[in-house]
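Before any comments, here is the structure.
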Amino acid sequence: MKSLFIDKEIKYTGRELAPHWIYKNFNVCGDCIVSFVGEVDVKLDEMVDIEDVINVEPIASKKMLNFIIECFDCSLSEMVWRQRLFISIIKETLEKLDKTVVRDGDDLFFDGKKFSVSIATKSITSTLVHTALNIVKDGAPIEVSSLTDMGIDNIQKLAQDIMDAFCKEVESIYMAKCKVRGVSEQ
């Protein structure tokens with residue numbers, strides 16, 4: 001699993017959650033995770049989460065820390081497992097900074113308010129996850145909390161710590177799979 005922090009602001013519109021977007025734009029091929037900071041403005045016609053479309057709940061924020069994960073060997077069910085693992089890693093990373101964070105499925109809450117969005121989906125060639133954390137509260141359609149509320153200002157370091165922990169976990173899972181002997185009926 002490769003990782004990259006993209007050191008330029010990118011507006012996330014939903015179109016970035018597409019096969020090979022990372023490869024085409026940043027020359028990182030294969031299973032990978034990237035992160036970047038930018039405004040988020042996902043209109044209903046670009047939404048992947050059908051429940052949010054039905055409930056007319058677009059996603060918007062003036063500044064979020066975005067992560068996109070792309071894997072080429074996972075079913076959608078497996079990618080949802082990876083998404084939940086990723087959310088747990090974000091929670092653990094923030095708890096190491098003495099922040100009290102609550103996880104409910106793929107949602108994270110601080111001070112009783114949601115501060116994350118996340119979705120897993122499947123393309124014709126890969127499975128993908130987009131997860132984003134509010135850096136500021138501005139522009140969100142609901143009352144939210146943010147990394148600023150937590151007193152976190154080194155966003156790039158936070159992003160790198162989260163990506164490093166995720167890549168380490170994926171590698172550990174791969175090694176756990178490779179090191180065992182198969183068994184048969186007795």
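Each chain of the structure tokens is named A, B, ... in the order shown, its residues numbered from 1; ligands are numbered from 1 in display order.
Within range 13-71 of chain A, DSSP applied to the backbone places the following residues in alpha helix (DSSP H): A:Trp21, A:Ile22, A:Tyr23, A:Lys24, A:Asn25, A:Phe26, A:Ile50, A:Glu51, A:Asp52, A:Val53, A:Ile54.
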Shortest interatomic distance to Asn25 in chain A - which of A:Ser126, A:Ile10, A:Asp49, A:Lys62, counting only C-alpha atoms: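 For Asn25 in chain A, the nearest of the given residues is A:Ile10.
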Which residues are near range 150-152 of chain A? Cut-off 10 Å, only C-alpha atoms, ignore same chain within fewer than 6 positions. Put them as a count of residues only. 10
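Those residues that approach Asp161 in chain A to within 12 Å, counting only C-alpha atoms, are A:Ser3, A:Leu4, A:Phe5, A:Ser35, A:Ile89, A:Ile90, A:Lys91, A:Glu92, A:Thr93, A:Leu94, A:Lys96, A:Leu97, A:Asn154, A:Ile155, A:Cys167, A:Lys168; same-chain residues fewer than 6 positions away are not listed.
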Who sits within 8 Å of Lys43 in chain A, only C-alpha atoms, same chain under 5 positions skipped, as a PyMOL selection string: chain A and resi 13-14+58-59
Taking only C-alpha atoms into account, which of A:Ser61, A:Thr127, A:Gln186, A:Ser77 comes nearest Leu17 in chain A?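 Of A:Ser61, A:Thr127, A:Gln186, A:Ser77, the one nearest Leu17 in chain A is A:Thr127, counting only C-alpha atoms.
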How many Å lie between CA of Lys114 in chain A and CA of Val144 in chain A, rounded to one decimal? 5.2 Å
Minimum-distance residue to Ile119 in chain A, chosen among A:Ala60, A:Val180, A:Val170, A:Ile50 (using only C-alpha atoms):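 Under the stated criterion, the closest residue is A:Ile50.
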Given only C-alpha atoms as the basis, pick out the residue of A:Phe166, A:Ile142, A:Ile173, A:Val53 nearest to Gln83 in chain A. A:Phe166
Determine which residues of range 52-169 of chain A DSSP labels as strand (DSSP E) from the backbone of this structure, then write them out as a ChimeraX atom specification. /A:59-71,101-104,107-110,113-114,116-122,127-134
With N, CA and C atoms retained, export the selected residues as a JSON list (two decimals), in the first residue's frame.
```json
[["chain", "number", "residue", "atom", "x", "y", "z"],
["A", 59, "ILE", "N", -23.02, 17.07, 0.75],
["A", 59, "ILE", "CA", -21.85, 17.21, 1.62],
["A", 59, "ILE", "C", -21.13, 18.50, 1.23],
["A", 60, "ALA", "N", -20.82, 19.31, 2.25],
["A", 60, "ALA", "CA", -20.11, 20.56, 1.97],
["A", 60, "ALA", "C", -19.34, 20.99, 3.21],
["A", 61, "SER", "N", -18.20, 21.62, 2.96],
["A", 61, "SER", "CA", -17.38, 22.22, 4.01],
["A", 61, "SER", "C", -16.35, 23.12, 3.34],
["A", 62, "LYS", "N", -16.00, 24.20, 3.98],
["A", 62, "LYS", "CA", -15.01, 25.12, 3.41],
["A", 62, "LYS", "C", -13.61, 24.54, 3.45],
["A", 63, "LYS", "N", -13.33, 23.62, 4.40],
["A", 63, "LYS", "CA", -11.98, 23.07, 4.47],
["A", 63, "LYS", "C", -12.01, 21.74, 5.21],
["A", 64, "MET", "N", -11.60, 20.69, 4.48],
["A", 64, "MET", "CA", -11.56, 19.35, 5.06],
["A", 64, "MET", "C", -10.23, 18.68, 4.73],
["A", 65, "LEU", "N", -9.85, 17.74, 5.57],
["A", 65, "LEU", "CA", -8.75, 16.84, 5.29],
["A", 65, "LEU", "C", -9.36, 15.62, 4.63],
["A", 66, "ASN", "N", -9.03, 15.42, 3.36],
["A", 66, "ASN", "CA", -9.61, 14.34, 2.55],
["A", 66, "ASN", "C", -8.63, 13.18, 2.41],
["A", 67, "PHE", "N", -9.17, 11.98, 2.39],
["A", 67, "PHE", "CA", -8.41, 10.77, 2.10],
["A", 67, "PHE", "C", -9.15, 10.00, 1.01],
["A", 68, "ILE", "N", -8.41, 9.51, 0.04],
["A", 68, "ILE", "CA", -8.97, 8.58, -0.94],
["A", 68, "ILE", "C", -8.11, 7.33, -0.91],
["A", 69, "ILE", "N", -8.77, 6.19, -0.77],
["A", 69, "ILE", "CA", -8.11, 4.89, -0.79],
["A", 69, "ILE", "C", -8.61, 4.16, -2.03],
["A", 70, "GLU", "N", -7.67, 3.55, -2.76],
["A", 70, "GLU", "CA", -8.05, 2.72, -3.91],
["A", 70, "GLU", "C", -7.35, 1.38, -3.80],
["A", 71, "CYS", "N", -8.13, 0.31, -3.94],
["A", 71, "CYS", "CA", -7.59, -1.05, -3.89],
["A", 71, "CYS", "C", -8.12, -1.84, -5.08],
["A", 101, "VAL", "N", -12.79, 10.90, 21.08],
["A", 101, "VAL", "CA", -13.54, 10.75, 19.84],
["A", 101, "VAL", "C", -14.44, 9.52, 19.96],
["A", 102, "VAL", "N", -15.65, 9.63, 19.45],
["A", 102, "VAL", "CA", -16.60, 8.52, 19.45],
["A", 102, "VAL", "C", -16.80, 8.06, 18.02],
["A", 103, "ARG", "N", -16.76, 6.74, 17.81],
["A", 103, "ARG", "CA", -17.02, 6.16, 16.50],
["A", 103, "ARG", "C", -18.38, 5.48, 16.51],
["A", 104, "ASP", "N", -19.17, 5.71, 15.47],
["A", 104, "ASP", "CA", -20.43, 5.00, 15.26],
["A", 104, "ASP", "C", -20.43, 4.56, 13.80],
["A", 107, "ASP", "N", -18.78, 6.82, 11.07],
["A", 107, "ASP", "CA", -18.86, 8.22, 11.47],
["A", 107, "ASP", "C", -18.05, 8.46, 12.74],
["A", 108, "LEU", "N", -17.42, 9.63, 12.81],
["A", 108, "LEU", "CA", -16.66, 10.05, 13.99],
["A", 108, "LEU", "C", -17.28, 11.31, 14.58],
["A", 109, "PHE", "N", -17.29, 11.38, 15.91],
["A", 109, "PHE", "CA", -17.89, 12.51, 16.61],
["A", 109, "PHE", "C", -16.91, 13.06, 17.65],
["A", 110, "PHE", "N", -16.89, 14.37, 17.78],
["A", 110, "PHE", "CA", -16.13, 15.05, 18.81],
["A", 110, "PHE", "C", -17.05, 16.07, 19.47],
["A", 113, "LYS", "N", -20.65, 16.17, 18.26],
["A", 113, "LYS", "CA", -20.98, 16.58, 16.89],
["A", 113, "LYS", "C", -20.14, 15.81, 15.89],
["A", 114, "LYS", "N", -20.74, 15.49, 14.78],
["A", 114, "LYS", "CA", -20.06, 14.76, 13.72],
["A", 114, "LYS", "C", -18.95, 15.60, 13.11],
["A", 116, "SER", "N", -16.82, 13.91, 10.54],
["A", 116, "SER", "CA", -16.29, 13.13, 9.42],
["A", 116, "SER", "C", -17.40, 12.77, 8.44],
["A", 117, "VAL", "N", -16.98, 12.48, 7.22],
["A", 117, "VAL", "CA", -17.83, 11.82, 6.22],
["A", 117, "VAL", "C", -17.00, 10.67, 5.65],
["A", 118, "SER", "N", -17.68, 9.62, 5.25],
["A", 118, "SER", "CA", -16.96, 8.49, 4.66],
["A", 118, "SER", "C", -17.90, 7.63, 3.85],
["A", 119, "ILE", "N", -17.39, 7.12, 2.73],
["A", 119, "ILE", "CA", -18.17, 6.24, 1.86],
["A", 119, "ILE", "C", -17.21, 5.27, 1.18],
["A", 120, "ALA", "N", -17.66, 4.05, 1.01],
["A", 120, "ALA", "CA", -16.93, 3.05, 0.22],
["A", 120, "ALA", "C", -17.78, 2.72, -0.99],
["A", 121, "THR", "N", -17.12, 2.48, -2.12],
["A", 121, "THR", "CA", -17.84, 2.14, -3.34],
["A", 121, "THR", "C", -16.98, 1.27, -4.24],
["A", 122, "LYS", "N", -17.56, 0.83, -5.31],
["A", 122, "LYS", "CA", -16.87, -0.06, -6.24],
["A", 122, "LYS", "C", -16.93, 0.54, -7.64],
["A", 127, "THR", "N", -11.96, -0.87, -5.90],
["A", 127, "THR", "CA", -12.86, -0.38, -4.86],
["A", 127, "THR", "C", -12.21, 0.86, -4.26],
["A", 128, "LEU", "N", -13.06, 1.76, -3.77],
["A", 128, "LEU", "CA", -12.59, 3.08, -3.35],
["A", 128, "LEU", "C", -13.26, 3.51, -2.04],
["A", 129, "VAL", "N", -12.53, 4.31, -1.28],
["A", 129, "VAL", "CA", -13.08, 4.95, -0.09],
["A", 129, "VAL", "C", -12.73, 6.43, -0.15],
["A", 130, "HIS", "N", -13.69, 7.26, 0.20],
["A", 130, "HIS", "CA", -13.41, 8.68, 0.47],
["A", 130, "HIS", "C", -13.80, 8.92, 1.92],
["A", 131, "THR", "N", -12.88, 9.48, 2.67],
["A", 131, "THR", "CA", -13.13, 9.89, 4.05],
["A", 131, "THR", "C", -12.60, 11.32, 4.19],
["A", 132, "ALA", "N", -13.35, 12.16, 4.89],
["A", 132, "ALA", "CA", -12.89, 13.53, 5.10],
["A", 132, "ALA", "C", -13.24, 13.97, 6.52],
["A", 133, "LEU", "N", -12.33, 14.78, 7.07],
["A", 133, "LEU", "CA", -12.49, 15.33, 8.42],
["A", 133, "LEU", "C", -12.58, 16.84, 8.32],
["A", 134, "ASN", "N", -13.56, 17.42, 8.99],
["A", 134, "ASN", "CA", -13.68, 18.88, 8.99],
["A", 134, "ASN", "C", -12.46, 19.50, 9.66]]
```
For Tyr23 in chain A, list every protein, DNA or RNA residue within 12 Å, evaluated using only C-alpha atoms, and leave out those in the same chain fewer than 3 positions away; present the list as an mmCIF file with N, CA and C atoms, in the first residue's frame.
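So result-v4.cif came out as:
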```
data_model
loop_
_atom_site.group_PDB
_atom_site.id
_atom_site.type_symbol
_atom_site.label_atom_id
_atom_site.label_comp_id
_atom_site.auth_asym_id
_atom_site.auth_seq_id
_atom_site.Cartn_x
_atom_site.Cartn_y
_atom_site.Cartn_z
ATOM 1 N N LYS A 2 0.735 2.049 -1.025
ATOM 2 C CA LYS A 2 1.515 3.287 -1.137
ATOM 3 C C LYS A 2 0.705 4.433 -0.547
ATOM 4 N N SER A 3 1.406 5.485 -0.107
ATOM 5 C CA SER A 3 0.709 6.654 0.426
ATOM 6 C C SER A 3 1.356 7.928 -0.094
ATOM 7 N N LEU A 4 0.543 8.988 -0.143
ATOM 8 C CA LEU A 4 1.035 10.276 -0.610
ATOM 9 C C LEU A 4 0.188 11.383 -0.006
ATOM 10 N N GLU A 16 -13.651 12.930 -7.904
ATOM 11 C CA GLU A 16 -12.321 12.388 -7.597
ATOM 12 C C GLU A 16 -12.400 10.937 -7.107
ATOM 13 N N ALA A 18 -12.964 8.041 -8.241
ATOM 14 C CA ALA A 18 -13.064 7.360 -9.534
ATOM 15 C C ALA A 18 -11.837 6.495 -9.743
ATOM 16 N N PRO A 19 -11.986 5.405 -10.498
ATOM 17 C CA PRO A 19 -10.834 4.532 -10.726
ATOM 18 C C PRO A 19 -9.693 5.272 -11.408
ATOM 19 N N HIS A 20 -8.512 5.027 -10.904
ATOM 20 C CA HIS A 20 -7.267 5.579 -11.437
ATOM 21 C C HIS A 20 -7.140 7.099 -11.333
ATOM 22 N N PHE A 26 -1.458 11.829 -10.049
ATOM 23 C CA PHE A 26 -0.292 11.903 -9.161
ATOM 24 C C PHE A 26 0.705 10.772 -9.399
ATOM 25 N N ASN A 27 0.496 9.992 -10.469
ATOM 26 C CA ASN A 27 1.421 8.942 -10.891
ATOM 27 C C ASN A 27 1.707 7.909 -9.799
ATOM 28 N N VAL A 28 0.679 7.596 -8.993
ATOM 29 C CA VAL A 28 0.786 6.537 -7.999
ATOM 30 C C VAL A 28 -0.140 5.420 -8.460
ATOM 31 N N CYS A 29 0.465 4.290 -8.857
ATOM 32 C CA CYS A 29 -0.298 3.179 -9.431
ATOM 33 C C CYS A 29 -0.415 2.048 -8.415
ATOM 34 N N GLY A 30 -1.562 1.413 -8.391
ATOM 35 C CA GLY A 30 -1.770 0.270 -7.506
ATOM 36 C C GLY A 30 -2.516 0.667 -6.250
ATOM 37 N N ASP A 31 -2.568 -0.276 -5.303
ATOM 38 C CA ASP A 31 -3.248 -0.020 -4.041
ATOM 39 C C ASP A 31 -2.575 1.168 -3.355
ATOM 40 N N CYS A 32 -3.369 2.164 -2.972
ATOM 41 C CA CYS A 32 -2.774 3.371 -2.395
ATOM 42 C C CYS A 32 -3.788 4.160 -1.588
ATOM 43 N N ILE A 33 -3.234 5.089 -0.815
ATOM 44 C CA ILE A 33 -4.022 6.061 -0.078
ATOM 45 C C ILE A 33 -3.364 7.415 -0.275
ATOM 46 N N VAL A 34 -4.173 8.416 -0.577
ATOM 47 C CA VAL A 34 -3.670 9.782 -0.681
ATOM 48 C C VAL A 34 -4.493 10.670 0.243
ATOM 49 N N ILE A 68 -8.409 9.509 0.038
ATOM 50 C CA ILE A 68 -8.970 8.584 -0.943
ATOM 51 C C ILE A 68 -8.109 7.331 -0.911
ATOM 52 N N ILE A 69 -8.770 6.191 -0.774
ATOM 53 C CA ILE A 69 -8.110 4.889 -0.790
ATOM 54 C C ILE A 69 -8.605 4.157 -2.030
ATOM 55 N N GLU A 70 -7.672 3.552 -2.755
ATOM 56 C CA GLU A 70 -8.051 2.722 -3.908
ATOM 57 C C GLU A 70 -7.347 1.383 -3.798
ATOM 58 N N CYS A 71 -8.126 0.315 -3.937
ATOM 59 C CA CYS A 71 -7.591 -1.054 -3.886
ATOM 60 C C CYS A 71 -8.117 -1.842 -5.083
#
```
Which of A:Val37, A:Val80, A:Val183, A:Ile54 sits closest to Val136 in chain A [using only C-alpha atoms]: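 For Val136 in chain A, the nearest of the candidates is A:Val37.
Picture a line from CA of Phe86 in chain A to CA of Ser145 in chain A; it runs 19.4 Å.
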Find the spatial neighbours of Glu169 in chain A, counting only C-alpha atoms, within a cut-off of 12 Å - ignore same-chain residues fewer than 6 positions away - and output them as a list in words.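 With the cut-off at 12 Å, the set is Met1, Arg82, Leu85, Phe86, Ser88, Ile89, Ile162, Met163, Met175 and Ala176 of chain A.
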Restricting the output to C-alpha atoms, write the selected residues as a PDB file, in the first residue's frame.
```pdb
ATOM      1  CA  MET A   1       0.000   0.000   0.000  1.00  0.00           C
ATOM      2  CA  ARG A  82     -11.130  -1.600   5.307  1.00  0.00           C
ATOM      3  CA  LEU A  85     -10.621  -0.187   9.988  1.00  0.00           C
ATOM      4  CA  PHE A  86      -9.477   3.159   8.567  1.00  0.00           C
ATOM      5  CA  SER A  88     -10.855   3.173  13.756  1.00  0.00           C
ATOM      6  CA  ILE A  89      -7.258   4.120  12.930  1.00  0.00           C
ATOM      7  CA  ILE A 162      -3.035   8.300   9.835  1.00  0.00           C
ATOM      8  CA  MET A 163      -1.807   7.076   6.424  1.00  0.00           C
ATOM      9  CA  MET A 175       1.791 -10.862   6.297  1.00  0.00           C
ATOM     10  CA  ALA A 176      -0.684 -12.588   8.632  1.00  0.00           C
TER      11      ALA A 176
END
```
Atom pair CA of Lys8 in chain A + CA of Phe36 in chain A, distance 7.0 Å
